[in-house]
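Engineer: Contents of data00.txt (compact mmCIF, C-alpha atoms):
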```txt
# COMPACT_ATOMS: atom_id res chain seq x y z
CA MET B 378 -9.82 -71.55 -109.67
CA LYS B 379 -8.75 -72.30 -113.20
CA PRO B 380 -7.25 -69.97 -115.81
CA LEU B 381 -9.51 -69.16 -118.70
CA SER B 382 -9.50 -71.62 -121.53
CA SER B 383 -10.49 -69.07 -124.16
CA PRO B 384 -8.96 -65.60 -123.76
CA ILE B 385 -10.57 -64.38 -127.00
CA LEU B 386 -14.10 -65.20 -125.92
CA ASP B 387 -13.23 -63.66 -122.60
CA GLU B 388 -12.09 -60.31 -123.99
CA LYS B 389 -15.37 -59.84 -125.81
CA LEU B 390 -17.33 -60.95 -122.82
CA LYS B 391 -15.51 -58.66 -120.39
CA GLU B 392 -15.88 -55.70 -122.70
CA HIS B 393 -19.52 -56.35 -123.35
CA VAL B 394 -20.71 -56.93 -119.79
CA LEU B 395 -18.37 -54.80 -117.71
CA ILE B 396 -18.15 -51.73 -119.94
CA GLN B 397 -21.89 -51.81 -120.57
CA TYR B 398 -22.44 -51.89 -116.81
CA LEU B 399 -20.03 -49.02 -116.08
CA SER B 400 -21.44 -46.94 -118.94
CA ARG B 401 -24.65 -46.67 -116.97
CA PHE B 402 -22.79 -44.49 -114.47
CA THR B 403 -20.11 -42.67 -116.46
CA THR B 404 -18.58 -42.19 -119.89
CA VAL B 405 -15.93 -44.86 -120.37
CA SER B 406 -13.28 -43.75 -122.86
CA GLU B 407 -11.48 -46.30 -125.02
CA GLU B 408 -8.35 -45.73 -122.97
CA ASP B 409 -10.23 -46.28 -119.68
CA ALA B 410 -11.80 -49.43 -121.09
CA HIS B 411 -8.38 -50.73 -122.10
CA ILE B 412 -6.89 -50.07 -118.64
CA LEU B 413 -9.91 -51.59 -116.91
CA LEU B 414 -9.89 -54.77 -118.96
CA GLU B 415 -6.10 -55.13 -118.64
CA ASN B 416 -6.39 -55.00 -114.86
CA LEU B 417 -9.37 -57.29 -114.49
CA ASP B 418 -8.81 -60.62 -112.78
CA VAL B 419 -11.32 -62.93 -114.44
CA ARG B 420 -11.69 -66.50 -113.23
CA SER B 421 -13.76 -69.38 -114.44
CA PHE B 422 -15.84 -71.56 -112.14
CA LYS B 423 -17.66 -74.80 -112.70
CA LYS B 424 -21.30 -75.47 -111.90
CA GLY B 425 -21.39 -76.49 -108.24
CA ASP B 426 -18.23 -74.60 -107.23
CA ILE B 427 -18.70 -72.96 -103.85
CA LEU B 428 -17.47 -69.35 -103.65
CA LEU B 429 -18.27 -68.84 -100.00
CA ARG B 430 -19.48 -70.99 -97.09
CA GLU B 431 -21.31 -69.98 -93.93
CA GLY B 432 -18.70 -68.97 -91.35
CA GLN B 433 -16.05 -67.95 -93.88
CA ILE B 434 -14.80 -64.41 -94.36
CA SER B 435 -14.47 -63.50 -98.01
CA PRO B 436 -11.62 -61.16 -98.95
CA TRP B 437 -13.17 -60.77 -102.40
CA CYS B 438 -15.99 -59.15 -104.21
CA TYR B 439 -17.24 -60.57 -107.48
CA PHE B 440 -18.85 -59.26 -110.63
CA VAL B 441 -20.73 -61.74 -112.82
CA LEU B 442 -19.55 -61.63 -116.44
CA LYS B 443 -21.29 -64.86 -117.40
CA GLY B 444 -23.22 -67.44 -115.44
CA CYS B 445 -25.33 -67.54 -112.32
CA VAL B 446 -24.44 -67.64 -108.63
CA ARG B 447 -27.03 -68.76 -106.09
CA GLN B 448 -27.09 -67.46 -102.51
CA TYR B 449 -28.64 -69.67 -99.86
CA TYR B 450 -28.94 -69.92 -96.09
CA LEU B 451 -28.85 -73.31 -94.38
CA VAL B 452 -31.82 -73.38 -91.97
CA ASP B 453 -32.29 -76.60 -89.95
CA GLY B 454 -30.52 -78.54 -92.69
CA GLU B 455 -32.66 -77.04 -95.44
CA GLU B 456 -31.30 -74.73 -98.14
CA LYS B 457 -33.30 -71.50 -98.38
CA THR B 458 -32.46 -69.72 -101.63
CA THR B 459 -32.39 -65.95 -101.21
CA ASN B 460 -30.73 -64.53 -104.34
CA PHE B 461 -29.48 -65.24 -107.86
CA PHE B 462 -26.62 -63.14 -109.22
CA THR B 463 -26.49 -63.14 -113.02
CA GLU B 464 -24.67 -61.27 -115.83
CA GLY B 465 -23.86 -57.65 -115.00
CA THR B 466 -24.41 -57.98 -111.26
CA PRO B 467 -21.92 -57.16 -108.52
CA ILE B 468 -21.69 -59.54 -105.55
CA ASN B 469 -20.86 -57.18 -102.73
CA LEU B 470 -19.34 -58.89 -99.68
CA TYR B 471 -19.09 -55.76 -97.57
CA GLU B 472 -19.62 -57.43 -94.20
CA GLY B 473 -16.64 -59.73 -94.65
CA PHE B 474 -14.20 -57.21 -96.03
CA TYR B 475 -14.98 -54.18 -93.92
CA LYS B 476 -16.29 -55.73 -90.72
CA ASN B 477 -14.45 -59.03 -90.73
CA ALA B 478 -17.82 -60.68 -90.18
CA PRO B 479 -18.17 -64.36 -91.11
CA ALA B 480 -20.75 -65.01 -93.82
CA LYS B 481 -24.16 -66.28 -92.72
CA TYR B 482 -24.83 -67.85 -96.11
CA TYR B 483 -23.41 -69.83 -99.00
CA LEU B 484 -22.60 -68.73 -102.55
CA VAL B 485 -22.55 -71.50 -105.14
CA CYS B 486 -22.27 -71.46 -108.93
CA LEU B 487 -25.53 -72.63 -110.44
CA GLU B 488 -23.90 -72.70 -113.90
CA ASP B 489 -20.36 -72.66 -115.28
CA SER B 490 -19.47 -69.02 -114.65
CA TYR B 491 -16.94 -66.32 -115.45
CA LEU B 492 -16.53 -63.87 -112.60
CA SER B 493 -14.22 -60.95 -112.13
CA VAL B 494 -12.63 -61.21 -108.71
CA GLY B 495 -11.00 -58.53 -106.61
CA PRO B 496 -10.89 -56.72 -103.30
CA PRO B 497 -13.83 -54.31 -102.95
CA GLU B 498 -11.43 -51.40 -102.47
CA ASP B 499 -8.32 -51.58 -104.62
CA THR B 500 -6.45 -48.30 -104.15
CA SER B 501 -3.57 -49.57 -106.28
CA HIS B 502 -5.81 -49.79 -109.35
CA PRO B 503 -4.71 -47.17 -111.93
CA LEU B 504 -8.30 -45.92 -112.21
CA ALA B 505 -9.16 -46.14 -108.49
CA THR B 506 -9.59 -42.40 -107.94
CA LYS B 507 -11.32 -41.80 -111.26
CA PHE B 508 -13.81 -44.58 -110.68
CA GLU B 509 -14.53 -43.90 -107.01
CA PRO B 510 -17.76 -41.97 -107.87
CA VAL B 511 -18.76 -44.83 -110.20
CA CYS B 512 -18.40 -47.32 -107.35
CA ARG B 513 -20.47 -44.99 -105.17
CA LEU B 514 -23.22 -44.72 -107.79
CA SER B 515 -23.18 -48.46 -108.39
CA SER B 516 -23.51 -49.09 -104.64
CA GLN B 517 -26.33 -46.54 -104.37
CA GLU B 518 -28.15 -48.28 -107.21
CA GLU B 519 -27.62 -51.68 -105.56
CA SER B 520 -28.92 -50.32 -102.26
CA SER B 521 -31.98 -48.88 -103.98
CA LYS B 522 -32.56 -52.15 -105.88
CA TYR B 523 -32.48 -54.28 -102.72
CA GLN B 524 -34.75 -51.85 -100.86
CA GLU B 525 -37.27 -52.25 -103.66
CA MET B 526 -36.84 -56.04 -103.81
CA LEU B 527 -37.49 -56.18 -100.05
CA ALA B 528 -40.60 -54.03 -100.34
CA MET B 529 -41.89 -56.06 -103.30
CA TYR B 530 -41.34 -59.31 -101.42
CA MET B 531 -43.23 -57.86 -98.44
CA ILE B 532 -46.25 -56.59 -100.32
CA HIS B 533 -46.67 -59.38 -102.86
CA SER B 534 -48.25 -62.82 -102.61
CA PRO B 535 -46.16 -65.73 -103.96
CA GLU B 536 -48.22 -65.64 -107.20
CA GLU B 537 -47.55 -61.90 -107.58
CA ARG B 538 -43.85 -62.54 -106.87
CA TYR B 539 -43.80 -65.09 -109.68
CA LEU B 540 -45.54 -62.69 -112.09
CA ASN B 541 -43.08 -59.96 -111.10
CA LEU B 542 -40.17 -62.31 -111.79
CA LEU B 543 -41.63 -63.13 -115.21
CA LYS B 544 -41.66 -59.41 -115.93
CA THR B 545 -38.36 -58.30 -114.41
CA ARG B 546 -36.07 -61.36 -114.64
CA PRO B 547 -37.62 -63.74 -117.18
CA ASP B 548 -34.24 -65.44 -117.75
CA LEU B 549 -34.38 -66.83 -114.20
CA ILE B 550 -37.58 -68.74 -114.98
CA GLU B 551 -35.71 -70.52 -117.80
CA ARG B 552 -32.34 -71.17 -116.23
CA VAL B 553 -33.09 -71.90 -112.57
CA PRO B 554 -34.39 -75.33 -111.44
CA GLN B 555 -37.96 -75.26 -110.10
CA TYR B 556 -37.09 -76.18 -106.51
CA TYR B 557 -34.63 -73.29 -106.15
CA LEU B 558 -37.12 -70.91 -107.72
CA ALA B 559 -39.85 -72.15 -105.35
CA SER B 560 -37.57 -71.62 -102.35
CA TYR B 561 -36.72 -68.11 -103.60
CA LEU B 562 -40.44 -67.27 -103.93
CA GLY B 563 -41.17 -68.66 -100.46
CA VAL B 564 -43.33 -71.63 -101.51
CA THR B 565 -43.01 -75.39 -101.95
CA PRO B 566 -42.25 -76.76 -105.45
CA GLU B 567 -45.83 -78.14 -105.51
CA THR B 568 -47.31 -74.69 -104.85
CA LEU B 569 -45.09 -73.15 -107.54
CA SER B 570 -46.31 -75.80 -109.97
CA ARG B 571 -49.94 -74.89 -109.15
CA ILE B 572 -49.17 -71.18 -109.56
CA ARG B 573 -47.66 -71.81 -113.00
CA LYS B 574 -50.64 -73.90 -114.11
CA ARG B 575 -53.07 -71.22 -112.91
CA ILE B 576 -51.18 -68.50 -114.82
CA MET B 577 -50.88 -70.62 -117.99
CA SER B 578 -54.63 -71.32 -118.00
CA LYS B 579 -55.51 -67.60 -117.81
CA MET Z 859 -40.80 -27.06 -94.02
CA LYS Z 860 -40.15 -24.95 -90.93
CA PRO Z 861 -36.91 -23.45 -89.65
CA LEU Z 862 -35.58 -25.00 -86.46
CA SER Z 863 -36.95 -23.61 -83.26
CA SER Z 864 -33.94 -24.59 -81.19
CA PRO Z 865 -30.57 -24.16 -82.89
CA ILE Z 866 -28.67 -25.16 -79.74
CA LEU Z 867 -30.38 -28.51 -79.37
CA ASP Z 868 -29.89 -28.94 -83.06
CA GLU Z 869 -26.10 -28.40 -83.00
CA LYS Z 870 -25.68 -31.10 -80.39
CA LEU Z 871 -28.00 -33.41 -82.22
CA LYS Z 872 -26.34 -32.94 -85.59
CA GLU Z 873 -22.91 -33.47 -84.13
CA HIS Z 874 -23.92 -36.52 -82.21
CA VAL Z 875 -25.82 -38.39 -84.91
CA LEU Z 876 -24.10 -37.32 -88.11
CA ILE Z 877 -20.49 -37.34 -86.92
CA GLN Z 878 -21.00 -40.65 -85.14
CA TYR Z 879 -22.40 -42.09 -88.36
CA LEU Z 880 -19.54 -40.79 -90.54
CA SER Z 881 -16.93 -41.92 -88.00
CA ARG Z 882 -17.87 -45.49 -88.83
CA PHE Z 883 -16.33 -44.98 -92.27
CA THR Z 884 -13.53 -42.45 -91.77
CA THR Z 885 -11.71 -40.28 -89.27
CA VAL Z 886 -13.57 -36.99 -89.00
CA SER Z 887 -11.27 -34.17 -87.87
CA GLU Z 888 -12.63 -31.27 -85.82
CA GLU Z 889 -12.21 -29.03 -88.85
CA ASP Z 890 -14.12 -31.46 -91.10
CA ALA Z 891 -16.88 -31.74 -88.50
CA HIS Z 892 -17.15 -27.97 -88.36
CA ILE Z 893 -17.40 -27.63 -92.17
CA LEU Z 894 -19.90 -30.48 -92.39
CA LEU Z 895 -22.19 -29.08 -89.71
CA GLU Z 896 -21.97 -25.56 -91.13
CA ASN Z 897 -23.11 -26.83 -94.53
CA LEU Z 898 -25.88 -29.09 -93.31
CA ASP Z 899 -29.44 -28.14 -94.19
CA VAL Z 900 -31.49 -29.43 -91.28
CA ARG Z 901 -35.26 -29.16 -91.37
CA SER Z 902 -37.92 -30.00 -88.86
CA PHE Z 903 -41.03 -31.96 -89.73
CA LYS Z 904 -44.20 -32.65 -87.81
CA LYS Z 905 -45.72 -36.06 -87.18
CA GLY Z 906 -47.84 -36.82 -90.24
CA ASP Z 907 -45.85 -34.64 -92.66
CA ILE Z 908 -45.50 -36.38 -96.01
CA LEU Z 909 -41.99 -36.24 -97.51
CA LEU Z 910 -42.85 -38.06 -100.71
CA ARG Z 911 -45.99 -39.34 -102.42
CA GLU Z 912 -46.42 -42.12 -104.96
CA GLY Z 913 -45.84 -40.62 -108.42
CA GLN Z 914 -43.61 -37.79 -107.23
CA ILE Z 915 -39.93 -37.44 -108.10
CA SER Z 916 -37.85 -36.44 -105.13
CA PRO Z 917 -34.88 -34.17 -105.78
CA TRP Z 918 -33.67 -34.81 -102.22
CA CYS Z 919 -32.07 -37.40 -100.07
CA TYR Z 920 -32.57 -37.36 -96.33
CA PHE Z 921 -30.61 -38.39 -93.27
CA VAL Z 922 -32.54 -38.93 -90.04
CA LEU Z 923 -31.08 -36.93 -87.13
CA LYS Z 924 -34.08 -37.46 -84.89
CA GLY Z 925 -37.46 -39.07 -85.39
CA CYS Z 926 -38.90 -41.81 -87.52
CA VAL Z 927 -40.03 -41.90 -91.15
CA ARG Z 928 -42.33 -44.67 -92.36
CA GLN Z 929 -42.29 -45.97 -95.91
CA TYR Z 930 -45.47 -47.52 -97.28
CA TYR Z 931 -46.97 -48.70 -100.55
CA LEU Z 932 -50.66 -48.17 -101.28
CA VAL Z 933 -52.02 -51.51 -102.50
CA ASP Z 934 -55.75 -51.62 -103.35
CA GLY Z 935 -56.34 -48.75 -100.94
CA GLU Z 936 -54.46 -50.44 -98.13
CA GLU Z 937 -51.19 -49.09 -96.68
CA LYS Z 938 -48.47 -51.74 -96.65
CA THR Z 939 -45.62 -50.60 -94.41
CA THR Z 940 -42.22 -51.63 -95.77
CA ASN Z 941 -39.62 -49.66 -93.83
CA PHE Z 942 -38.92 -47.43 -90.84
CA PHE Z 943 -36.03 -44.96 -91.06
CA THR Z 944 -34.79 -43.85 -87.63
CA GLU Z 945 -31.83 -41.94 -86.14
CA GLY Z 946 -28.58 -42.35 -88.08
CA THR Z 947 -30.20 -43.74 -91.22
CA PRO Z 948 -29.88 -42.34 -94.74
CA ILE Z 949 -33.01 -42.25 -96.90
CA ASN Z 950 -31.58 -42.83 -100.35
CA LEU Z 951 -33.88 -41.76 -103.19
CA TYR Z 952 -31.59 -42.89 -106.00
CA GLU Z 953 -34.34 -43.79 -108.47
CA GLY Z 954 -35.81 -40.32 -108.43
CA PHE Z 955 -32.60 -38.34 -108.59
CA TYR Z 956 -30.60 -40.39 -111.06
CA LYS Z 957 -33.29 -42.04 -113.15
CA ASN Z 958 -36.05 -39.47 -112.90
CA ALA Z 959 -38.36 -42.30 -111.88
CA PRO Z 960 -41.54 -41.42 -109.98
CA ALA Z 961 -41.71 -42.96 -106.51
CA LYS Z 962 -43.84 -46.07 -106.09
CA TYR Z 963 -44.31 -45.41 -102.39
CA TYR Z 964 -44.99 -42.81 -99.69
CA LEU Z 965 -42.67 -41.46 -97.02
CA VAL Z 966 -44.41 -40.02 -93.96
CA CYS Z 967 -43.10 -38.80 -90.61
CA LEU Z 968 -44.29 -41.13 -87.87
CA GLU Z 969 -42.96 -38.71 -85.24
CA ASP Z 970 -41.86 -35.07 -85.13
CA SER Z 971 -38.51 -35.36 -86.91
CA TYR Z 972 -35.29 -33.51 -87.69
CA LEU Z 973 -33.87 -34.51 -91.05
CA SER Z 974 -30.88 -33.26 -92.97
CA VAL Z 975 -31.95 -32.58 -96.52
CA GLY Z 976 -29.84 -32.33 -99.65
CA PRO Z 977 -29.22 -33.53 -103.16
CA PRO Z 978 -27.60 -36.98 -103.17
CA GLU Z 979 -24.64 -35.64 -105.11
CA ASP Z 980 -23.57 -32.15 -104.13
CA THR Z 981 -20.34 -31.40 -105.97
CA SER Z 982 -20.32 -27.84 -104.64
CA HIS Z 983 -19.94 -29.07 -101.06
CA PRO Z 984 -16.49 -28.08 -99.74
CA LEU Z 985 -15.86 -31.67 -98.64
CA ALA Z 986 -17.41 -33.38 -101.69
CA THR Z 987 -14.17 -34.92 -102.99
CA LYS Z 988 -12.85 -35.83 -99.57
CA PHE Z 989 -16.06 -37.56 -98.57
CA GLU Z 990 -16.72 -39.35 -101.86
CA PRO Z 991 -15.22 -42.64 -100.53
CA VAL Z 992 -17.32 -42.22 -97.36
CA CYS Z 993 -20.48 -41.97 -99.45
CA ARG Z 994 -19.38 -45.06 -101.38
CA LEU Z 995 -18.75 -47.02 -98.16
CA SER Z 996 -22.03 -45.85 -96.68
CA SER Z 997 -23.88 -46.96 -99.83
CA GLN Z 998 -22.10 -50.32 -99.82
CA GLU Z 999 -23.12 -50.81 -96.20
CA GLU Z 1000 -26.71 -49.86 -97.02
CA SER Z 1001 -26.75 -52.28 -99.94
CA SER Z 1002 -25.38 -55.06 -97.76
CA LYS Z 1003 -27.92 -54.24 -95.00
CA TYR Z 1004 -30.90 -54.42 -97.36
CA GLN Z 1005 -29.64 -57.65 -98.94
CA GLU Z 1006 -29.54 -59.16 -95.47
CA MET Z 1007 -32.96 -57.72 -94.52
CA LEU Z 1008 -34.42 -59.25 -97.68
CA ALA Z 1009 -32.86 -62.64 -96.96
CA MET Z 1010 -34.01 -62.54 -93.32
CA TYR Z 1011 -37.55 -61.67 -94.40
CA MET Z 1012 -37.49 -64.57 -96.87
CA ILE Z 1013 -36.22 -67.24 -94.50
CA HIS Z 1014 -38.07 -66.24 -91.34
CA SER Z 1015 -41.62 -66.86 -90.19
CA PRO Z 1016 -43.54 -63.82 -88.87
CA GLU Z 1017 -42.77 -64.92 -85.28
CA GLU Z 1018 -39.04 -65.18 -86.11
CA ARG Z 1019 -39.22 -61.76 -87.79
CA TYR Z 1020 -40.68 -60.30 -84.59
CA LEU Z 1021 -37.96 -61.96 -82.45
CA ASN Z 1022 -35.33 -60.65 -84.86
CA LEU Z 1023 -36.77 -57.14 -84.57
CA LEU Z 1024 -36.68 -57.40 -80.76
CA LYS Z 1025 -32.98 -58.22 -81.04
CA THR Z 1026 -31.89 -55.83 -83.78
CA ARG Z 1027 -34.27 -52.84 -83.51
CA PRO Z 1028 -35.92 -53.00 -80.09
CA ASP Z 1029 -36.74 -49.27 -80.23
CA LEU Z 1030 -39.20 -49.93 -83.07
CA ILE Z 1031 -41.28 -52.20 -80.83
CA GLU Z 1032 -41.70 -49.28 -78.41
CA ARG Z 1033 -42.23 -46.38 -80.77
CA VAL Z 1034 -44.22 -47.83 -83.69
CA PRO Z 1035 -47.99 -48.42 -83.42
CA GLN Z 1036 -48.98 -52.10 -83.49
CA TYR Z 1037 -50.84 -51.97 -86.81
CA TYR Z 1038 -47.85 -50.52 -88.67
CA LEU Z 1039 -45.57 -53.08 -87.05
CA ALA Z 1040 -47.96 -55.89 -88.01
CA SER Z 1041 -48.03 -54.68 -91.60
CA TYR Z 1042 -44.22 -54.50 -91.64
CA LEU Z 1043 -43.98 -58.08 -90.34
CA GLY Z 1044 -46.51 -59.29 -92.91
CA VAL Z 1045 -49.32 -60.24 -90.53
CA THR Z 1046 -52.61 -58.84 -89.25
CA PRO Z 1047 -52.64 -56.90 -85.96
CA GLU Z 1048 -54.52 -59.85 -84.40
CA THR Z 1049 -51.78 -62.29 -85.41
CA LEU Z 1050 -49.09 -59.96 -84.06
CA SER Z 1051 -50.98 -59.77 -80.79
CA ARG Z 1052 -51.04 -63.60 -80.60
CA ILE Z 1053 -47.30 -63.75 -81.42
CA ARG Z 1054 -46.53 -61.31 -78.60
CA LYS Z 1055 -48.63 -63.26 -76.10
CA ARG Z 1056 -46.94 -66.51 -77.09
CA ILE Z 1057 -43.48 -64.99 -76.66
CA MET Z 1058 -44.37 -63.33 -73.33
CA SER Z 1059 -45.67 -66.62 -71.94
CA LYS Z 1060 -42.43 -68.49 -72.75
```
Please lay out the structure from this file as structure tokens.

Structural biologist:
Amino acid sequence: MKPLSSPILDEKLKEHVLIQYLSRFTTVSEEDAHILLENLDVRSFKKGDILLREGQISPWCYFVLKGCVRQYYLVDGEEKTTNFFTEGTPINLYEGFYKNAPAKYYLVCLEDSYLSVGPPEDTSHPLATKFEPVCRLSSQEESSKYQEMLAMYMIHSPEERYLNLLKTRPDLIERVPQYYLASYLGVTPETLSRIRKRIMSK
Amino acid sequence: MKPLSSPILDEKLKEHVLIQYLSRFTTVSEEDAHILLENLDVRSFKKGDILLREGQISPWCYFVLKGCVRQYYLVDGEEKTTNFFTEGTPINLYEGFYKNAPAKYYLVCLEDSYLSVGPPEDTSHPLATKFEPVCRLSSQEESSKYQEMLAMYMIHSPEERYLNLLKTRPDLIERVPQYYLASYLGVTPETLSRIRKRIMSK
């Protein structure tokens, strides 16, 4: 992990993404924002850097300030893409930290990325107590989001999943290579290509 | 919603399911357990009772003490089953409570059920502050669980999903009617029947 090459860019970026995220759950005073940003451990990663491998136990959680992290499972030698974490998204590695359970999947940077890195429960943080309810709310929102994503995946056809992605995460369509997107939607790249053509011709 | 007919059964049940659940995240003293159980609003529901309809905003969260609640989406007049909440499971209705968003799905009791009912954030509860980290941990666990359920649904075939269910939630196979189970696994009842025969003959 390399130190940041541009601390000035980074300050703006941290403030923008992290404080905007936290402001969804609480009022962040200027003083709180200052303490939070001072205590944030931000690291830069290169496209292709692997954050976690199957079988490893991660002592960290991440929060994406810039970039994109792909989650995949290796099934009979084939990578099955199951998630993309982009700006303003926590990567919660609860199973590793709290249950000491080895990961069943891989996390790899799909782009050069800036991530804040830390233990999921840092009681030494000066705002730990104050921000405990924020962490609870954020986790509740994440839980609710994944429940809905699961339900949507269950009830939708691959074409509907693609249309839903266009509506809810249009940036992914632009920034993610076709074969990863196809895997994520549960189809072959050829089928995804046909789906796109069908939609474009409508 | 009806008052409980058997408070004695209920005390045992509450203690068993709720305290066991909370003990996964913290040490629950006898005094804490007493306060928690005293303040719990437990209600009984009949098989078929609807807890939430599409379009409604739920002011409540639930925790299943006994029974089974089915979640389904109504798609072109057809019920698509997307979740079963059983003993020791929170039913988190974050979107309704915090975002005032109408539900996109239905929640219906699949069996006679005992549920604890309450607002998701009850600051007047005598143990609210003490149990804030527990609620955060519980939500993080839920979030992690649904992320894994989503990934498993994505990477598995319907037959693998059924085998996974046999391993992780064998009770569902026994207590849930075939057509709901088929819907949950993303197949027709006929296909589920073929999957079961194939597995039994192995």

Engineer: For a quick check of understanding, using only C-alpha atoms, which of Z:Tyr1020, Z:Tyr952, Z:Tyr963, Z:Tyr1038 has the smallest distance to chain B?

Structural biologist: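 The answer is Z:Tyr952, which sits nearest to chain B.
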
Engineer: Residues at most 8 Å from segment 988-1002 of chain Z, counting all atoms listed in the file, excluding those fewer than 4 positions away in the same chain, as a list of chain:residue names?

Structural biologist: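 Once the nearby chain positions are removed, what remains is B:Asn469, B:Leu470, B:Tyr471, B:Glu472, B:Glu509, B:Pro510, B:Cys512, B:Arg513, B:Leu514, B:Ser516, B:Gln517, B:Glu519, B:Ser520, B:Ser521, B:Tyr523, Z:Leu880, Z:Phe883, Z:Thr884, Z:Glu1006.
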
Engineer: If I take atom CA of Gly976 of chain Z and atom CA of Cys919 of chain Z, how far is one from the other in Å, to one decimal?

Structural biologist: 5.6 Å

Engineer: Do a neighbour search on Arg1054 of chain Z at 12 Å with all atoms listed in the file, toss out local chain neighbours closer than 3 positions, and write the hits as a VMD selection string.

Structural biologist: chain Z and resid 1016 to 1021 1024 1031 1036 1039 to 1040 1047 to 1051 1057 to 1060

Engineer: So, with all atoms listed in the file as the atoms that count, which of Z:Phe943, Z:Tyr972, Z:Tyr930, Z:Tyr1037 lies closest to chain B?

Structural biologist: Z:Tyr930

Engineer: In Å, how far is it from atom CA of Cys445 of chain B to atom CA of Val564 of chain B?

Structural biologist: 21.4 Å

Engineer: Given the choices B:Asp418, B:Asp426, B:Asp453, B:Glu408, which gets closest to chain Z if the distance is worked out from only C-alpha atoms?

Structural biologist: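 Distance minimum relative to chain Z lands on B:Asp453.
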
Engineer: Considering only C-alpha atoms, state which residue in the set B:Tyr483, B:Phe474, B:Tyr530, B:Phe422 is at the smallest distance from Glu456 of chain B.

Structural biologist: B:Tyr483

Engineer: With distances taken over only C-alpha atoms, which residue among Z:Leu871, Z:Met1010, Z:Cys967, Z:Ile915 lies nearest Gly946 of chain Z?

Structural biologist: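 With only C-alpha atoms as the atom set, the closest residue is Z:Leu871.
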
Engineer: Smallest atom-to-atom distance to chain B: which of Z:Thr939, Z:Ser982, Z:Ser887, Z:Asn958, using only C-alpha atoms?

Structural biologist: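 Going through Z:Thr939, Z:Ser982, Z:Ser887, Z:Asn958 one by one, the smallest distance to chain B is for Z:Thr939.
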
Engineer: What is the distance, in Å and to one decimal place, between atom CA of Ser493 of chain B and atom CA of Pro436 of chain B?

Structural biologist: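 Taking atom CA of Ser493 of chain B and atom CA of Pro436 of chain B, their separation equals 13.4 Å.
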
Engineer: Excluding same-chain residues fewer than 6 positions from Tyr931 of chain Z, what lies within 12 Å of it counting all atoms listed in the file, as a ChimeraX atom specification?

Structural biologist: /B:525,528-529,531-533 /Z:910-913,937-941,961-966,1041-1042

Engineer: List as a list in words the protein and nucleic acid residues near Leu923 of chain Z, meaning an atom at most 10 Å away when only C-alpha atoms are counted, but skip any in the same chain fewer than 5 places from it.

Structural biologist: Asp868, Leu871, Lys872, Glu873, His874, Val875, Leu876, Val900, Arg901, Ser902, Thr944, Glu945, Gly946, Thr947, Pro948, Ser971, Tyr972, Leu973 and Ser974 of chain Z
